[in-house]
file work.txt (compact mmCIF, C-alpha atoms and all ligand atoms)
# COMPACT_ATOMS: atom_id res chain seq x y z
CA MET H 1259 -29.83 -111.49 -6.86
CA GLN H 1260 -26.41 -110.39 -5.66
CA GLU H 1261 -24.07 -108.83 -8.18
CA GLU H 1262 -20.35 -108.23 -8.10
CA ASN H 1263 -20.78 -104.50 -7.46
CA ASP H 1264 -22.98 -105.21 -4.46
CA VAL H 1265 -21.08 -104.04 -1.33
CA GLU H 1266 -22.35 -106.92 0.83
CA PHE H 1267 -21.32 -109.39 -1.86
CA GLN H 1268 -17.81 -107.86 -1.86
CA ARG H 1269 -17.66 -107.96 1.92
CA GLY H 1270 -18.25 -111.69 1.89
CA LEU H 1271 -15.43 -112.33 -0.58
CA LEU H 1272 -12.84 -113.63 1.91
CA THR H 1273 -15.33 -115.99 3.55
CA ARG H 1274 -16.37 -117.42 0.18
CA LYS H 1275 -12.73 -117.84 -0.87
CA MET H 1276 -11.88 -119.67 2.35
CA GLU H 1277 -14.89 -121.97 1.98
CA ALA H 1278 -13.98 -122.71 -1.63
CA GLY H 1279 -10.30 -123.24 -0.75
CA GLU H 1280 -9.32 -120.51 -3.21
CA ASP H 1281 -5.92 -118.78 -2.78
CA VAL H 1282 -5.47 -120.71 0.47
CA VAL H 1283 -1.82 -121.03 1.52
CA ILE H 1284 -2.27 -122.87 4.84
CA GLN H 1285 -5.43 -124.28 6.41
CA THR H 1286 -6.27 -125.89 9.76
CA ASP H 1287 -9.57 -126.70 11.47
CA LYS H 1288 -9.49 -123.30 13.21
CA ALA H 1289 -8.18 -120.85 10.59
CA ALA H 1290 -6.82 -120.37 7.09
CA VAL H 1291 -4.20 -118.15 5.46
CA LEU H 1292 -5.21 -116.67 2.12
CA ARG H 1293 -2.99 -114.91 -0.38
CA ASN H 1294 -4.42 -111.48 -1.10
CA VAL H 1295 -4.35 -111.67 -4.88
CA ILE H 1296 -7.13 -109.22 -5.71
CA LEU H 1297 -6.13 -106.13 -3.77
CA PRO H 1298 -2.61 -106.63 -2.41
CA LYS H 1299 -1.21 -103.47 -0.86
CA ALA H 1300 2.41 -104.65 -0.84
CA GLN H 1301 4.69 -107.16 -2.54
CA TYR H 1302 3.75 -109.80 0.05
CA HIS H 1303 0.22 -109.64 1.41
CA PHE H 1304 -1.73 -112.41 3.16
CA VAL H 1305 -4.77 -112.53 5.44
CA VAL H 1306 -5.41 -115.00 8.26
CA LEU H 1307 -9.11 -115.83 8.66
CA PRO H 1308 -10.55 -117.68 11.65
CA LYS H 1309 -13.13 -120.37 10.84
CA GLU H 1310 -15.25 -118.98 13.65
CA ASP H 1311 -17.48 -116.19 12.35
CA ILE H 1312 -16.17 -113.07 14.16
CA ALA H 1313 -17.27 -109.73 12.71
CA ASN H 1314 -14.15 -107.60 13.40
CA VAL H 1315 -11.37 -106.84 15.86
CA THR H 1316 -13.70 -105.03 18.31
CA ALA H 1317 -15.77 -108.24 18.66
CA LEU H 1318 -12.80 -110.13 20.16
CA THR H 1319 -12.82 -111.10 23.84
CA ARG H 1320 -10.44 -112.87 26.23
CA ASP H 1321 -11.97 -116.15 25.08
CA HIS H 1322 -10.30 -115.60 21.72
CA LEU H 1323 -6.72 -115.44 23.05
CA GLN H 1324 -6.09 -119.08 22.21
CA LEU H 1325 -7.46 -118.57 18.70
CA LEU H 1326 -5.21 -115.50 18.30
CA ASP H 1327 -2.21 -117.60 19.31
CA HIS H 1328 -3.11 -120.09 16.62
CA MET H 1329 -3.60 -117.35 14.00
CA MET H 1330 -0.17 -115.94 14.85
CA GLU H 1331 1.37 -119.38 14.51
CA LEU H 1332 -0.04 -119.60 10.98
CA ALA H 1333 1.19 -116.07 10.24
CA ASN H 1334 4.71 -117.07 11.33
CA GLN H 1335 4.61 -120.18 9.16
CA THR H 1336 3.57 -118.06 6.18
CA ILE H 1337 6.36 -115.54 6.80
CA GLU H 1338 8.91 -118.35 7.07
CA GLN H 1339 7.80 -119.62 3.67
CA GLN H 1340 8.78 -116.29 2.07
CA LYS H 1341 12.46 -117.11 1.65
CA HIS H 1342 13.32 -113.81 -0.03
CA LEU H 1343 12.21 -111.54 2.80
CA PRO H 1344 13.29 -111.54 6.47
CA SER H 1345 10.54 -111.67 9.11
CA SER H 1346 11.52 -108.15 10.32
CA LYS H 1347 10.02 -106.77 7.08
CA PHE H 1348 6.49 -107.97 7.89
CA LEU H 1349 3.66 -106.29 9.79
CA VAL H 1350 1.03 -108.46 11.47
CA GLY H 1351 -2.19 -106.93 12.71
CA PHE H 1352 -5.78 -105.82 12.11
CA LYS H 1353 -7.55 -102.91 10.47
CA MET H 1354 -9.74 -101.08 12.99
CA GLU H 1355 -12.16 -100.18 10.21
CA SER H 1356 -12.29 -103.34 8.14
CA PHE H 1357 -14.31 -103.39 4.97
CA MET H 1358 -14.76 -107.15 5.17
CA ASN H 1359 -17.54 -108.54 7.32
CA ARG H 1360 -15.28 -111.13 8.86
CA LEU H 1361 -12.29 -110.70 11.16
CA ASN H 1362 -9.09 -110.94 9.14
CA MET H 1363 -5.52 -110.51 10.31
CA HIS H 1364 -3.10 -108.95 7.80
CA VAL H 1365 0.38 -110.30 7.20
CA ILE H 1366 1.95 -107.67 4.97
CA SER H 1367 5.46 -106.68 3.90
CA ASN H 1368 6.42 -103.14 4.85
CA ASP H 1369 7.35 -102.01 1.29
CA PHE H 1370 3.74 -101.03 0.45
CA CYS H 1371 4.60 -101.19 -3.22
CA SER H 1372 1.61 -102.28 -5.24
CA ASP H 1373 -0.48 -101.08 -8.17
CA THR H 1374 -3.53 -101.22 -5.94
CA MET H 1375 -2.01 -98.72 -3.47
CA ARG H 1376 -3.92 -95.98 -5.26
CA ARG H 1377 -5.46 -93.76 -2.59
CA ILE H 1378 -4.13 -92.15 0.58
CA GLN H 1379 -6.67 -94.20 2.55
CA HIS H 1380 -4.87 -97.35 1.44
CA TRP H 1381 -1.63 -96.15 3.05
CA ASN H 1382 -3.32 -94.70 6.13
CA THR H 1383 -5.26 -97.86 7.00
CA PHE H 1384 -1.95 -99.63 7.55
CA ASN H 1385 0.24 -96.79 8.83
CA THR H 1386 -1.82 -94.84 11.37
CA ASP H 1387 -3.89 -95.84 14.42
CA LEU H 1388 -6.33 -97.37 11.95
CA PHE H 1389 -4.00 -100.38 12.11
CA ILE H 1390 -3.56 -102.24 15.37
CA THR H 1391 -0.74 -104.75 15.70
CA TYR H 1392 -1.27 -108.33 16.81
CA GLN H 1393 0.80 -107.65 19.95
CA ALA H 1394 -1.37 -104.65 20.90
CA VAL H 1395 -4.60 -106.62 20.38
CA TYR H 1396 -3.32 -109.51 22.46
CA ALA H 1397 -2.17 -107.23 25.31
CA LEU H 1398 -5.41 -105.20 25.35
CA LEU H 1399 -7.57 -108.32 25.45
CA LYS H 1400 -5.51 -109.81 28.23
CA VAL H 1401 -5.54 -106.64 30.35
CA LYS H 1402 -8.84 -104.95 29.48
CA GLY H 1403 -10.77 -107.81 27.88
CA SER H 1404 -11.88 -105.84 24.80
CA ILE H 1405 -10.82 -103.48 21.99
CA GLU H 1406 -12.54 -100.09 21.93
CA PRO H 1407 -13.80 -99.04 18.47
CA LEU H 1408 -12.60 -95.72 17.05
CA SER H 1409 -15.10 -92.87 16.92
CA PRO H 1410 -16.30 -92.08 13.34
CA ASP H 1411 -14.65 -88.65 13.56
CA THR H 1412 -11.28 -90.08 14.59
CA ALA H 1413 -11.48 -92.74 11.90
CA GLU H 1414 -12.31 -90.15 9.26
CA LYS H 1415 -9.39 -87.92 10.30
CA LEU H 1416 -6.96 -90.82 10.27
CA LEU H 1417 -8.12 -91.91 6.83
CA THR H 1418 -7.21 -88.53 5.35
CA THR H 1419 -4.00 -87.98 7.37
CA ARG H 1420 -1.24 -85.97 5.63
CA PRO H 1421 1.69 -85.60 5.18
CA PHE H 1422 3.02 -89.09 4.63
CA HIS H 1423 5.97 -90.26 6.72
CA CYS H 1424 8.17 -92.92 5.18
CA ASN H 1425 8.28 -96.06 7.31
CA GLN H 1426 11.89 -96.75 6.29
CA CYS H 1427 13.63 -93.34 6.52
CA ARG H 1428 12.90 -89.75 7.53
CA PHE H 1429 11.33 -88.72 4.23
CA ILE H 1430 8.08 -86.73 4.54
CA THR H 1431 5.84 -85.37 1.79
CA GLY H 1432 2.25 -84.26 1.27
CA ASN H 1433 2.30 -85.46 -2.33
CA PHE H 1434 1.04 -89.05 -2.49
CA ASN H 1435 2.43 -89.77 -5.96
CA LYS H 1436 5.87 -88.57 -4.89
CA PHE H 1437 5.55 -90.70 -1.79
CA LYS H 1438 4.73 -93.82 -3.80
CA GLU H 1439 7.76 -93.17 -6.02
CA HIS H 1440 9.88 -92.89 -2.89
CA LEU H 1441 8.62 -96.25 -1.58
CA GLN H 1442 9.34 -97.79 -4.96
CA ILE H 1443 12.99 -96.64 -4.71
CA HIS H 1444 13.33 -98.35 -1.31
CA TRP H 1445 11.90 -101.57 -2.71
CA GLN H 1446 14.07 -101.52 -5.83
CA ARG H 1447 17.20 -100.92 -3.77
CA GLN H 1448 16.28 -103.77 -1.45
CA GLU H 1449 15.66 -106.10 -4.38
CA ASN H 1450 18.97 -105.14 -6.04
CA GLU H 1451 20.83 -105.88 -2.79
CA ARG H 1452 19.10 -109.25 -2.52
CA ILE H 1453 19.95 -110.18 -6.12
CA ASN H 1454 23.59 -109.11 -5.67
CA LYS H 1455 23.88 -111.18 -2.48
CA MET H 1456 22.35 -114.17 -4.25
CA ASN H 1457 24.81 -113.84 -7.16
CA MET H 1458 27.75 -113.60 -4.73
CA LEU H 1459 26.54 -116.71 -2.92
CA GLN H 1460 26.26 -118.64 -6.19
CA LEU H 1461 29.77 -117.51 -7.13
CA LYS H 1462 31.14 -118.65 -3.76
CA GLN H 1463 29.40 -122.01 -4.15
CA SER H 1464 30.93 -122.38 -7.63
CA PHE H 1465 34.41 -121.73 -6.23
CA GLY H 1466 33.71 -124.19 -3.44
CA ASN H 1467 33.28 -126.93 -6.06
CA MET H 1468 36.75 -126.43 -7.52
CA ASN H 1469 39.92 -128.27 -6.69
CA ILE H 1470 43.42 -126.82 -6.65
CA ASN H 1471 43.67 -127.11 -10.43
CA GLY H 1472 40.36 -125.45 -11.00
CA ASN H 1473 38.76 -128.61 -12.31
CA PHE H 1474 35.16 -129.57 -11.64
CA LYS H 1475 34.39 -133.18 -11.01
CA ASN H 1476 31.33 -134.42 -12.81
CA ASP H 1477 29.57 -135.21 -9.54
CA GLY H 1478 30.23 -131.68 -8.27
CA SER H 1479 32.39 -132.85 -5.37
CA ARG H 1480 35.99 -131.81 -4.71
CA GLN H 1481 38.84 -133.87 -6.03
CA ASN H 1482 41.92 -134.55 -3.98
CA VAL H 1483 43.35 -131.10 -3.29
CA GLY H 1484 45.96 -132.11 -0.75
CA HIS H 1485 48.35 -133.89 -3.08
CA ARG H 1486 50.40 -131.36 -5.03
CA SER H 1487 53.44 -133.33 -6.15
CA GLU H 1488 54.90 -132.74 -9.61
CA ASN H 1489 53.67 -136.15 -10.72
CA HIS H 1490 50.15 -135.25 -9.69
CA ILE H 1491 50.25 -132.02 -11.65
CA VAL H 1492 51.54 -133.82 -14.71
CA GLU H 1493 48.77 -136.39 -14.38
CA ASN H 1494 46.20 -133.64 -14.16
CA LYS H 1495 47.68 -131.84 -17.15
CA GLN H 1496 47.21 -134.93 -19.19
CA GLN H 1497 43.59 -135.19 -18.23
CA PHE H 1498 42.66 -131.94 -19.95
CA ASN H 1499 42.87 -132.45 -23.63
CA SER H 1500 40.08 -130.40 -25.07
CA LYS H 1501 40.45 -126.66 -25.64
CA GLN H 1502 37.54 -125.93 -23.36
CA GLU H 1503 39.05 -127.94 -20.54
CA ARG H 1504 42.36 -126.12 -20.90
CA GLN H 1505 40.65 -122.73 -20.89
CA GLU H 1506 38.68 -123.66 -17.81
CA LEU H 1507 41.83 -124.74 -16.06
CA HIS H 1508 43.62 -121.53 -16.96
CA VAL H 1509 40.83 -119.21 -15.89
CA THR H 1510 39.95 -120.90 -12.65
CA SER H 1511 43.32 -121.98 -11.27
CA PRO H 1512 43.20 -120.72 -7.69
CA VAL H 1513 46.97 -120.58 -7.38
CA GLY H 1514 47.28 -118.44 -10.51
CA THR H 1515 49.51 -120.90 -12.33
CA ASN H 1516 48.89 -121.41 -15.98
CA LEU H 1517 49.41 -125.12 -16.22
CA THR H 1518 47.91 -125.37 -19.66
CA ASN H 1519 50.50 -123.33 -21.47
CA PRO H 1520 53.08 -125.84 -22.58
CA ARG H 1521 55.67 -123.12 -23.24
CA PRO H 1522 55.14 -120.28 -20.77
CA TYR H 1523 58.55 -118.83 -21.58
CA LYS H 1524 57.36 -117.98 -25.10
CA LYS H 1525 54.86 -115.47 -23.78
CA TRP H 1526 57.55 -113.87 -21.67
CA TYR H 1527 59.91 -113.77 -24.64
CA ASN H 1528 57.34 -112.12 -26.95
CA LYS H 1529 56.61 -109.47 -24.36
CA LYS H 1530 60.24 -108.69 -23.94
CA LYS H 1531 60.62 -108.49 -27.69
CA GLN H 1532 57.77 -106.00 -27.97
CA ASN H 1533 59.43 -103.81 -25.35
CA SER H 1534 62.65 -103.88 -27.40
CA GLN H 1535 64.53 -105.01 -24.35
CA MET H 1536 65.65 -108.17 -26.01
CA PRO H 1537 67.78 -108.16 -29.16
CA GLU H 1538 65.84 -109.53 -32.08
CA VAL H 1539 67.17 -112.89 -33.13
CA LYS H 1540 67.78 -112.82 -36.83
CA PRO H 1541 67.51 -116.11 -38.66
CA THR H 1542 70.75 -117.63 -39.70
CA THR H 1543 71.36 -118.11 -43.36
CA GLU H 1544 70.61 -121.79 -42.98
CA SER H 1545 67.31 -121.37 -41.19
CA ALA H 1546 66.27 -118.52 -43.53
CA LYS H 1547 66.68 -120.87 -46.45
CA LYS H 1548 64.37 -123.34 -44.79
CA ILE H 1549 61.63 -120.69 -44.49
ZN ZN H 1601 12.13 -93.60 2.92
call {"tool": "encode", "arguments": {"input": "work.txt", "output": "structure tokens", "more": "lines below"}}
Ligand SMILES: [Zn+2]
result
Amino acid sequence: MQEENDVEFQRGLLTRKMEAGEDVVIQTDKAAVLRNVILPKAQYHFVVLPKEDIANVTALTRDHLQLLDHMMELANQTIEQQKHLPSSKFLVGFKMESFMNRLNMHVISNDFCSDTMRRIQHWNTFNTDLFITYQAVYALLKVKGSIEPLSPDTAEKLLTTRPFHCNQCRFITGNFNKFKEHLQIHWQRQENERINKMNMLQLKQSFGNMNINGNFKNDGSRQNVGHRSENHIVENKQQFNSKQERQELHVTSPVGTNLTNPRPYKKWYNKKKQNSQMPEVKPTTESAKKI
């Protein structure tokens, strides 16, 4: 009986998931895209599996070029679905030394920030010659008709390659923990920029929904902004009776005119008074009596 710690059982995981329709993002009669939820090595990590049982990348021949085209089409569709990340941030390709017993094409974001990025092998399988891009596989098959496997010695050396070169700047270190922290900084900065851009866009959209008097229509559309006669302004002033409406008008008026203050001169007068530039008006005897 196969158990979960059985290597062969683990190697068949992707095939079983595809057959069960588990974590499947897109599926056709020729291939499926699965979200890598168990061992993702980056913030966005998917695998494209062909329905045809192909052991690994070295088993591909020229006959598979059409299938590869289809797999790439699915990869592109998946990348397009990730609205928060541009396509330039994704790598698409194959591991030369795949653990799984079925060909799988990785679609992975280049941040490599993940809790499961624990060992140097995890980084090296995607960032040395242990990883072969889709374009390279396609070109080699077309020209040579096959992909040569790596020798065990070469594969072993590549797996333990040091130091680590950042894929986003010139940073180099032999310390893997330091390296992971460095990658995390890149990711955090990228996320902060994205969130700031999104906030700015929302702010711009909000301003786009305002008319000249800073009023929002209930349906979100603009009111007539072209007509700015005195009568029109008076009409608009009368529309805003509640305190909230008046505040909104004051804060958002794009022309900077405080239309809500019925006596703007009073503010000016008080300011002048504070600066002692205006003589204080003392109440007359008559008015003092009234107080
Ligand atoms: Zn860097």
call {"tool": "residues_near_ligand", "arguments": {"input": "work.txt", "ligand": "ligand ZN 1601 (chain H)", "cutoff": "6 Å", "atoms": "only C-alpha atoms and all ligand atoms", "output": "PDB file with C-alpha atoms, in the frame of the given file"}}
result
ATOM      1  CA  CYS H1424       8.170 -92.920   5.180  1.00  0.00           C
ATOM      2  CA  GLN H1426      11.890 -96.750   6.290  1.00  0.00           C
ATOM      3  CA  CYS H1427      13.630 -93.340   6.520  1.00  0.00           C
ATOM      4  CA  PHE H1429      11.330 -88.720   4.230  1.00  0.00           C
TER       5      PHE H1429
END
call {"tool": "residues_around", "arguments": {"input": "work.txt", "residues": "Met1329 (chain H)", "least_positions_apart": "5", "cutoff": "9 Å", "atoms": "only C-alpha atoms", "output": "mmCIF file with C-alpha atoms, keeping the file's coordinate frame"}}
result
data_model
loop_
_atom_site.group_PDB
_atom_site.id
_atom_site.type_symbol
_atom_site.label_atom_id
_atom_site.label_comp_id
_atom_site.auth_asym_id
_atom_site.auth_seq_id
_atom_site.Cartn_x
_atom_site.Cartn_y
_atom_site.Cartn_z
ATOM 1 C CA LYS H 1288 -9.490 -123.300 13.210
ATOM 2 C CA ALA H 1289 -8.180 -120.850 10.590
ATOM 3 C CA ALA H 1290 -6.820 -120.370 7.090
ATOM 4 C CA VAL H 1291 -4.200 -118.150 5.460
ATOM 5 C CA VAL H 1306 -5.410 -115.000 8.260
ATOM 6 C CA LEU H 1307 -9.110 -115.830 8.660
ATOM 7 C CA PRO H 1308 -10.550 -117.680 11.650
ATOM 8 C CA GLN H 1324 -6.090 -119.080 22.210
ATOM 9 C CA ASN H 1334 4.710 -117.070 11.330
ATOM 10 C CA MET H 1363 -5.520 -110.510 10.310
#
call {"tool": "residues_around", "arguments": {"input": "work.txt", "residues": "region 1403-1419 of chain H", "least_positions_apart": "4", "cutoff": "6 Å", "atoms": "all atoms listed in the file", "output": "PDB file with C-alpha atoms, in the frame of the given file"}}
result
ATOM      1  CA  THR H1316     -13.700-105.030  18.310  1.00  0.00           C
ATOM      2  CA  THR H1319     -12.820-111.100  23.840  1.00  0.00           C
ATOM      3  CA  ARG H1320     -10.440-112.870  26.230  1.00  0.00           C
ATOM      4  CA  GLN H1379      -6.670 -94.200   2.550  1.00  0.00           C
ATOM      5  CA  ASN H1382      -3.320 -94.700   6.130  1.00  0.00           C
ATOM      6  CA  LEU H1399      -7.570-108.320  25.450  1.00  0.00           C
TER       7      LEU H1399
END
call {"tool": "residues_around", "arguments": {"input": "work.txt", "residues": "Val1315 (chain H)", "least_positions_apart": "6", "cutoff": "8 Å", "atoms": "only C-alpha atoms", "output": "JSON, numbers by chain"}}
result
{"H": [1352, 1353, 1354, 1361, 1405]}
call {"tool": "residues_around", "arguments": {"input": "work.txt", "residues": "Arg1274 (chain H)", "least_positions_apart": "3", "cutoff": "12 Å", "atoms": "only C-alpha atoms", "output": "PyMOL selection string"}}
result
chain H and resi 1267-1271+1277-1282+1292+1307+1309+1358-1360
call {"tool": "residues_around", "arguments": {"input": "work.txt", "residues": "Ala1333 (chain H)", "least_positions_apart": "2", "cutoff": "8 Å", "atoms": "only C-alpha atoms", "output": "PyMOL selection string"}}
result
chain H and resi 1291+1306+1329-1331+1335-1337+1350+1365
call {"tool": "write_last_selection", "arguments": {"input": "work.txt", "atoms": "C-alpha atoms", "output": "PDB file, in the frame of the given file"}}
result
ATOM      1  CA  VAL H1291      -4.200-118.150   5.460  1.00  0.00           C
ATOM      2  CA  VAL H1306      -5.410-115.000   8.260  1.00  0.00           C
ATOM      3  CA  MET H1329      -3.600-117.350  14.000  1.00  0.00           C
ATOM      4  CA  MET H1330      -0.170-115.940  14.850  1.00  0.00           C
ATOM      5  CA  GLU H1331       1.370-119.380  14.510  1.00  0.00           C
ATOM      6  CA  GLN H1335       4.610-120.180   9.160  1.00  0.00           C
ATOM      7  CA  THR H1336       3.570-118.060   6.180  1.00  0.00           C
ATOM      8  CA  ILE H1337       6.360-115.540   6.800  1.00  0.00           C
ATOM      9  CA  VAL H1350       1.030-108.460  11.470  1.00  0.00           C
ATOM     10  CA  VAL H1365       0.380-110.300   7.200  1.00  0.00           C
TER      11      VAL H1365
END
call {"tool": "closest_residue", "arguments": {"input": "work.txt", "among": "H:Leu1326, H:Thr1391, H:Phe1348, H:Cys1371", "to": "Ile1443 (chain H)", "atoms": "all atoms listed in the file"}}
result
H:Cys1371
call {"tool": "atom_distance", "arguments": {"input": "work.txt", "atom1": "CA of Asn1362 (chain H)", "atom2": "CA of Arg1420 (chain H)"}}
result
26.4 Å
call {"tool": "atom_distance", "arguments": {"input": "work.txt", "atom1": "CA of Ser1372 (chain H)", "atom2": "CA of Leu1297 (chain H)"}}
result
8.8 Å
call {"tool": "atom_distance", "arguments": {"input": "work.txt", "atom1": "CA of Val1305 (chain H)", "atom2": "CA of Arg1428 (chain H)"}}
result
28.9 Å
call {"tool": "closest_residue", "arguments": {"input": "work.txt", "among": "H:Asp1311, H:Asp1369, H:Glu1338, H:Glu1266", "to": "Phe1437 (chain H)", "atoms": "only C-alpha atoms"}}
result
H:Asp1369
call {"tool": "closest_residue", "arguments": {"input": "work.txt", "among": "H:Leu1323, H:Asn1467, H:Arg1376, H:Phe1434", "to": "Val1401 (chain H)", "atoms": "all atoms listed in the file"}}
result
H:Leu1323
call {"tool": "closest_residue", "arguments": {"input": "work.txt", "among": "H:Arg1293, H:Trp1381, H:Ser1367, H:Met1375", "to": "Ser1346 (chain H)", "atoms": "all atoms listed in the file"}}
result
H:Ser1367
call {"tool": "closest_residue", "arguments": {"input": "work.txt", "among": "H:Phe1370, H:Gln1285, H:Thr1273, H:Gly1432", "to": "Ile1312 (chain H)", "atoms": "only C-alpha atoms"}}
result
H:Thr1273
call {"tool": "closest_residue", "arguments": {"input": "work.txt", "among": "H:Asn1454, H:Gln1448, H:Thr1431, H:Thr1383", "to": "Leu1343 (chain H)", "atoms": "only C-alpha atoms"}}
result
H:Gln1448
call {"tool": "build_atoms", "arguments": {"input": "work.txt", "residues": "region 1364-1387 of chain H", "atoms": "N, CA and C atoms", "output": "PDB file, in the coordinates of the input"}}
result
ATOM      1  N   HIS H1364      -4.004-109.193   8.943  1.00  0.00           N
ATOM      2  CA  HIS H1364      -3.100-108.950   7.800  1.00  0.00           C
ATOM      3  C   HIS H1364      -1.673-109.361   8.116  1.00  0.00           C
ATOM      4  N   VAL H1365      -1.060-110.001   7.148  1.00  0.00           N
ATOM      5  CA  VAL H1365       0.380-110.300   7.200  1.00  0.00           C
ATOM      6  C   VAL H1365       0.926-109.640   5.944  1.00  0.00           C
ATOM      7  N   ILE H1366       1.601-108.511   6.129  1.00  0.00           N
ATOM      8  CA  ILE H1366       1.950-107.670   4.970  1.00  0.00           C
ATOM      9  C   ILE H1366       3.385-107.167   5.058  1.00  0.00           C
ATOM     10  N   SER H1367       4.076-107.180   3.914  1.00  0.00           N
ATOM     11  CA  SER H1367       5.460-106.680   3.900  1.00  0.00           C
ATOM     12  C   SER H1367       5.437-105.155   3.957  1.00  0.00           C
ATOM     13  N   ASN H1368       6.470-104.580   4.563  1.00  0.00           N
ATOM     14  CA  ASN H1368       6.420-103.140   4.850  1.00  0.00           C
ATOM     15  C   ASN H1368       6.848-102.252   3.665  1.00  0.00           C
ATOM     16  N   ASP H1369       6.986-102.825   2.463  1.00  0.00           N
ATOM     17  CA  ASP H1369       7.350-102.010   1.290  1.00  0.00           C
ATOM     18  C   ASP H1369       6.175-101.168   0.801  1.00  0.00           C
ATOM     19  N   PHE H1370       4.973-101.686   0.923  1.00  0.00           N
ATOM     20  CA  PHE H1370       3.740-101.030   0.450  1.00  0.00           C
ATOM     21  C   PHE H1370       3.850-100.584  -1.005  1.00  0.00           C
ATOM     22  N   CYS H1371       4.489-101.442  -1.788  1.00  0.00           N
ATOM     23  CA  CYS H1371       4.600-101.190  -3.220  1.00  0.00           C
ATOM     24  C   CYS H1371       3.626-102.102  -3.955  1.00  0.00           C
ATOM     25  N   SER H1372       2.606-101.497  -4.524  1.00  0.00           N
ATOM     26  CA  SER H1372       1.610-102.280  -5.240  1.00  0.00           C
ATOM     27  C   SER H1372       0.790-101.344  -6.124  1.00  0.00           C
ATOM     28  N   ASP H1373       0.348-101.887  -7.256  1.00  0.00           N
ATOM     29  CA  ASP H1373      -0.480-101.080  -8.170  1.00  0.00           C
ATOM     30  C   ASP H1373      -1.805-100.703  -7.529  1.00  0.00           C
ATOM     31  N   THR H1374      -2.236-101.506  -6.560  1.00  0.00           N
ATOM     32  CA  THR H1374      -3.530-101.220  -5.940  1.00  0.00           C
ATOM     33  C   THR H1374      -3.411-100.249  -4.759  1.00  0.00           C
ATOM     34  N   MET H1375      -2.205 -99.773  -4.483  1.00  0.00           N
ATOM     35  CA  MET H1375      -2.010 -98.720  -3.470  1.00  0.00           C
ATOM     36  C   MET H1375      -2.285 -97.382  -4.187  1.00  0.00           C
ATOM     37  N   ARG H1376      -3.548 -97.123  -4.412  1.00  0.00           N
ATOM     38  CA  ARG H1376      -3.920 -95.980  -5.260  1.00  0.00           C
ATOM     39  C   ARG H1376      -4.307 -94.732  -4.469  1.00  0.00           C
ATOM     40  N   ARG H1377      -4.944 -94.935  -3.325  1.00  0.00           N
ATOM     41  CA  ARG H1377      -5.460 -93.760  -2.590  1.00  0.00           C
ATOM     42  C   ARG H1377      -4.761 -93.610  -1.247  1.00  0.00           C
ATOM     43  N   ILE H1378      -4.818 -92.395  -0.697  1.00  0.00           N
ATOM     44  CA  ILE H1378      -4.130 -92.150   0.580  1.00  0.00           C
ATOM     45  C   ILE H1378      -4.742 -93.005   1.699  1.00  0.00           C
ATOM     46  N   GLN H1379      -6.019 -93.339   1.565  1.00  0.00           N
ATOM     47  CA  GLN H1379      -6.670 -94.200   2.550  1.00  0.00           C
ATOM     48  C   GLN H1379      -5.975 -95.566   2.635  1.00  0.00           C
ATOM     49  N   HIS H1380      -5.520 -96.029   1.469  1.00  0.00           N
ATOM     50  CA  HIS H1380      -4.870 -97.350   1.440  1.00  0.00           C
ATOM     51  C   HIS H1380      -3.617 -97.353   2.311  1.00  0.00           C
ATOM     52  N   TRP H1381      -2.839 -96.268   2.225  1.00  0.00           N
ATOM     53  CA  TRP H1381      -1.630 -96.150   3.050  1.00  0.00           C
ATOM     54  C   TRP H1381      -2.011 -95.956   4.525  1.00  0.00           C
ATOM     55  N   ASN H1382      -2.959 -95.057   4.752  1.00  0.00           N
ATOM     56  CA  ASN H1382      -3.320 -94.700   6.130  1.00  0.00           C
ATOM     57  C   ASN H1382      -3.953 -95.851   6.914  1.00  0.00           C
ATOM     58  N   THR H1383      -4.644 -96.745   6.249  1.00  0.00           N
ATOM     59  CA  THR H1383      -5.260 -97.860   7.000  1.00  0.00           C
ATOM     60  C   THR H1383      -4.219 -98.799   7.588  1.00  0.00           C
ATOM     61  N   PHE H1384      -2.995 -98.755   7.016  1.00  0.00           N
ATOM     62  CA  PHE H1384      -1.950 -99.630   7.550  1.00  0.00           C
ATOM     63  C   PHE H1384      -0.889 -98.870   8.355  1.00  0.00           C
ATOM     64  N   ASN H1385      -0.873 -97.541   8.244  1.00  0.00           N
ATOM     65  CA  ASN H1385       0.240 -96.790   8.830  1.00  0.00           C
ATOM     66  C   ASN H1385      -0.168 -95.659   9.779  1.00  0.00           C
ATOM     67  N   THR H1386      -1.377 -95.765  10.318  1.00  0.00           N
ATOM     68  CA  THR H1386      -1.820 -94.840  11.370  1.00  0.00           C
ATOM     69  C   THR H1386      -2.487 -95.706  12.453  1.00  0.00           C
ATOM     70  N   ASP H1387      -3.192 -95.065  13.383  1.00  0.00           N
ATOM     71  CA  ASP H1387      -3.890 -95.840  14.420  1.00  0.00           C
ATOM     72  C   ASP H1387      -5.077 -96.624  13.860  1.00  0.00           C
TER      73      ASP H1387
END
